[in-house]
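Reproduced below: model12.pdb, with PDB, C-alpha atoms, pLDDT in the B column.
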```pdb
ATOM      1  CA  PRO V1246     -31.164  15.191  34.650  1.00 44.00           C
ATOM      2  CA  ARG V1247     -28.547  14.302  32.106  1.00 46.00           C
ATOM      3  CA  SER V1248     -27.035  11.390  34.116  1.00 46.00           C
ATOM      4  CA  ARG V1249     -30.464   9.860  34.681  1.00 49.00           C
ATOM      5  CA  THR V1250     -31.129   9.874  30.928  1.00 52.00           C
ATOM      6  CA  TRP V1251     -27.779   8.211  30.284  1.00 48.00           C
ATOM      7  CA  LEU V1252     -28.505   5.580  32.931  1.00 47.00           C
ATOM      8  CA  HIS V1253     -31.879   4.892  31.327  1.00 53.00           C
ATOM      9  CA  VAL V1254     -30.231   4.422  27.920  1.00 54.00           C
ATOM     10  CA  VAL V1255     -27.666   2.010  29.383  1.00 49.00           C
ATOM     11  CA  LEU V1256     -30.374  -0.032  31.124  1.00 50.00           C
ATOM     12  CA  VAL V1257     -32.577  -0.219  28.027  1.00 56.00           C
ATOM     13  CA  VAL V1258     -29.665  -1.009  25.724  1.00 53.00           C
ATOM     14  CA  GLY V1259     -28.405  -3.664  28.129  1.00 51.00           C
ATOM     15  CA  SER V1260     -31.779  -5.373  28.108  1.00 54.00           C
ATOM     16  CA  LEU V1261     -31.662  -5.655  24.297  1.00 56.00           C
ATOM     17  CA  GLY V1262     -28.411  -7.612  24.293  1.00 65.00           C
ATOM     18  CA  PRO V1263     -25.893  -5.165  22.786  1.00 70.00           C
ATOM     19  CA  SER V1264     -22.593  -4.688  24.514  1.00 79.00           C
ATOM     20  CA  LEU V1265     -20.633  -1.685  25.675  1.00 82.00           C
ATOM     21  CA  GLN V1266     -16.979  -2.488  26.171  1.00 87.00           C
ATOM     22  CA  ALA V1267     -13.589  -0.859  26.305  1.00 86.00           C
ATOM     23  CA  ALA V1268     -12.387  -0.221  22.768  1.00 84.00           C
ATOM     24  CA  ASN V1269      -9.807  -2.713  21.515  1.00 83.00           C
ATOM     25  CA  VAL V1270      -7.997  -0.049  19.482  1.00 82.00           C
ATOM     26  CA  VAL V1271      -7.132   3.261  21.191  1.00 81.00           C
ATOM     27  CA  ALA V1272      -7.725   5.149  17.929  1.00 85.00           C
ATOM     28  CA  ASN V1273     -11.390   4.057  18.085  1.00 85.00           C
ATOM     29  CA  GLY V1274     -12.064   5.873  21.356  1.00 89.00           C
ATOM     30  CA  ASP V1275     -12.520   4.715  24.917  1.00 90.00           C
ATOM     31  CA  PHE V1276     -15.622   2.530  24.609  1.00 91.00           C
ATOM     32  CA  SER V1277     -17.390   0.802  21.747  1.00 92.00           C
ATOM     33  CA  SER V1278     -20.927  -0.510  21.397  1.00 91.00           C
ATOM     34  CA  ASN V1279     -22.572  -2.824  18.906  1.00 91.00           C
ATOM     35  CA  VAL V1280     -26.036  -1.417  19.703  1.00 89.00           C
ATOM     36  CA  ALA V1281     -26.779  -0.503  16.074  1.00 88.00           C
ATOM     37  CA  LEU V1282     -25.610  -3.896  14.813  1.00 90.00           C
ATOM     38  CA  THR V1283     -27.817  -5.805  17.245  1.00 88.00           C
ATOM     39  CA  SER V1284     -30.843  -3.522  16.875  1.00 83.00           C
ATOM     40  CA  ALA V1285     -30.867  -2.822  13.121  1.00 84.00           C
ATOM     41  CA  LYS V1286     -32.850  -5.866  12.016  1.00 83.00           C
ATOM     42  CA  ALA V1287     -35.624  -5.294  14.571  1.00 81.00           C
ATOM     43  CA  ALA V1288     -35.685  -1.615  13.587  1.00 81.00           C
ATOM     44  CA  GLY V1289     -35.712  -2.478   9.876  1.00 85.00           C
ATOM     45  CA  ARG V1290     -32.680  -0.242   9.328  1.00 88.00           C
ATOM     46  CA  ASN V1291     -29.194  -0.442   7.885  1.00 93.00           C
ATOM     47  CA  PRO V1292     -26.804  -0.868  10.877  1.00 91.00           C
ATOM     48  CA  ARG V1293     -24.382   1.855   9.796  1.00 96.00           C
ATOM     49  CA  GLU V1294     -27.197   4.354   9.150  1.00 92.00           C
ATOM     50  CA  LEU V1295     -28.722   3.532  12.542  1.00 89.00           C
ATOM     51  CA  ALA V1296     -25.305   3.973  14.185  1.00 91.00           C
ATOM     52  CA  GLN V1297     -24.960   7.371  12.481  1.00 93.00           C
ATOM     53  CA  GLN V1298     -28.353   8.441  13.792  1.00 91.00           C
ATOM     54  CA  ILE V1299     -27.415   7.332  17.318  1.00 90.00           C
ATOM     55  CA  ALA V1300     -24.073   9.175  17.097  1.00 92.00           C
ATOM     56  CA  GLU V1301     -25.742  12.364  15.845  1.00 91.00           C
ATOM     57  CA  ALA V1302     -28.323  12.262  18.637  1.00 90.00           C
ATOM     58  CA  LEU V1303     -25.685  11.701  21.323  1.00 91.00           C
ATOM     59  CA  ASN V1304     -23.348  14.356  19.892  1.00 92.00           C
ATOM     60  CA  GLY V1305     -26.279  16.807  19.879  1.00 91.00           C
ATOM     61  CA  ALA V1306     -26.829  16.308  23.612  1.00 88.00           C
ATOM     62  CA  PRO V1307     -23.802  14.422  24.906  1.00 89.00           C
ATOM     63  CA  PRO V1308     -24.079  12.504  28.175  1.00 86.00           C
ATOM     64  CA  ALA V1309     -21.857  13.630  31.034  1.00 84.00           C
ATOM     65  CA  HIS V1310     -18.151  13.010  30.382  1.00 87.00           C
ATOM     66  CA  VAL V1311     -18.663  12.104  26.689  1.00 90.00           C
ATOM     67  CA  VAL V1312     -16.551  14.254  24.368  1.00 93.00           C
ATOM     68  CA  SER V1313     -17.667  12.684  21.087  1.00 95.00           C
ATOM     69  CA  VAL V1314     -19.477   9.725  19.578  1.00 94.00           C
ATOM     70  CA  GLU V1315     -18.337   8.294  16.240  1.00 96.00           C
ATOM     71  CA  VAL V1316     -19.331   5.494  13.877  1.00 96.00           C
ATOM     72  CA  ALA V1317     -16.855   2.844  12.745  1.00 94.00           C
ATOM     73  CA  GLY V1318     -16.977  -0.135  10.429  1.00 94.00           C
ATOM     74  CA  PRO V1319     -20.352  -1.712   9.704  1.00 96.00           C
ATOM     75  CA  GLY V1320     -22.088   0.103  12.562  1.00 94.00           C
ATOM     76  CA  PHE V1321     -20.094   0.233  15.777  1.00 93.00           C
ATOM     77  CA  VAL V1322     -20.724   3.293  17.960  1.00 93.00           C
ATOM     78  CA  ASN V1323     -17.502   4.542  19.575  1.00 95.00           C
ATOM     79  CA  PHE V1324     -17.341   6.875  22.565  1.00 94.00           C
ATOM     80  CA  ARG V1325     -14.524   9.257  23.514  1.00 93.00           C
ATOM     81  CA  LEU V1326     -14.556  10.395  27.128  1.00 90.00           C
ATOM     82  CA  GLU V1327     -13.093  13.432  28.877  1.00 89.00           C
ATOM     83  CA  PRO V1328      -9.690  12.954  30.464  1.00 87.00           C
ATOM     84  CA  GLY V1329     -10.278  12.288  34.153  1.00 81.00           C
ATOM     85  CA  TRP V1330     -13.855  11.097  33.582  1.00 73.00           C
ATOM     86  CA  LEU V1331     -13.535   8.564  36.397  1.00 71.00           C
ATOM     87  CA  ASP V1332     -13.054  11.422  38.859  1.00 74.00           C
ATOM     88  CA  GLY V1333     -16.697  12.386  38.302  1.00 59.00           C
ATOM     89  CA  VAL V1334     -18.141   8.918  38.726  1.00 59.00           C
TER      90      VAL V1334
END
```

Go ahead and render the structure in this file as structure tokens.
Amino acid sequence: PRSRTWLHVVLVVGSLGPSLQAANVVANGDFSSNVALTSAKAAGRNPRELAQQIAEALNGAPPAHVVSVEVAGPGFVNFRLEPGWLDGV
């Protein structure tokens, strides 16, 4: 199921050390992650390009309650959630 896949991603990402936190700037979405920045060296990739690939994959099959995923700055991955997303948690 879709939620199980999302949970798996969160658990794997959390074990690598990247963070997922509430966005500091409302214009950047609801949550922001540095997953591409912390994983790029090990992956041998440019952080922004890796972030773009992550965003494209997540936008192609968005997790529950995610409206869009965008890239910002050097490789942050920003998430916009549906209004009322907490109602479904």

- prompt: Which residues fall under the PyMOL selection byres ((chain V and resi 1274) around 12) in this file, as a VMD selection string?
  reply: chain V and resid 1266 to 1273 1275 to 1278 1311 to 1317 1321 to 1328

message: When you count all atoms listed in the file, which of these residues is closest to Ala1296 in chain V: V:Gly1318, V:Leu1265, V:Ala1309, V:Ala1281?
response: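 When distances to Ala1296 in chain V are compared using all atoms listed in the file, the smallest one comes from V:Ala1281.
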
query: So what do you get for CA of Gly1329 in chain V versus CA of Gln1297 in chain V, distance-wise?
result: 26.6 Å

- request: Have a look at CA of Trp1330 in chain V and CA of Asn1304 in chain V and let me know their distance in Å, one decimal.
  value: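 Interatomic distance here is 17.0 Å.
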
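In this comparison, which uses only C-alpha atoms, the residue of V:Lys1286, V:Asn1279, V:Leu1331, V:Ser1264 approaching Ile1299 in chain V most closely is V:Asn1279.
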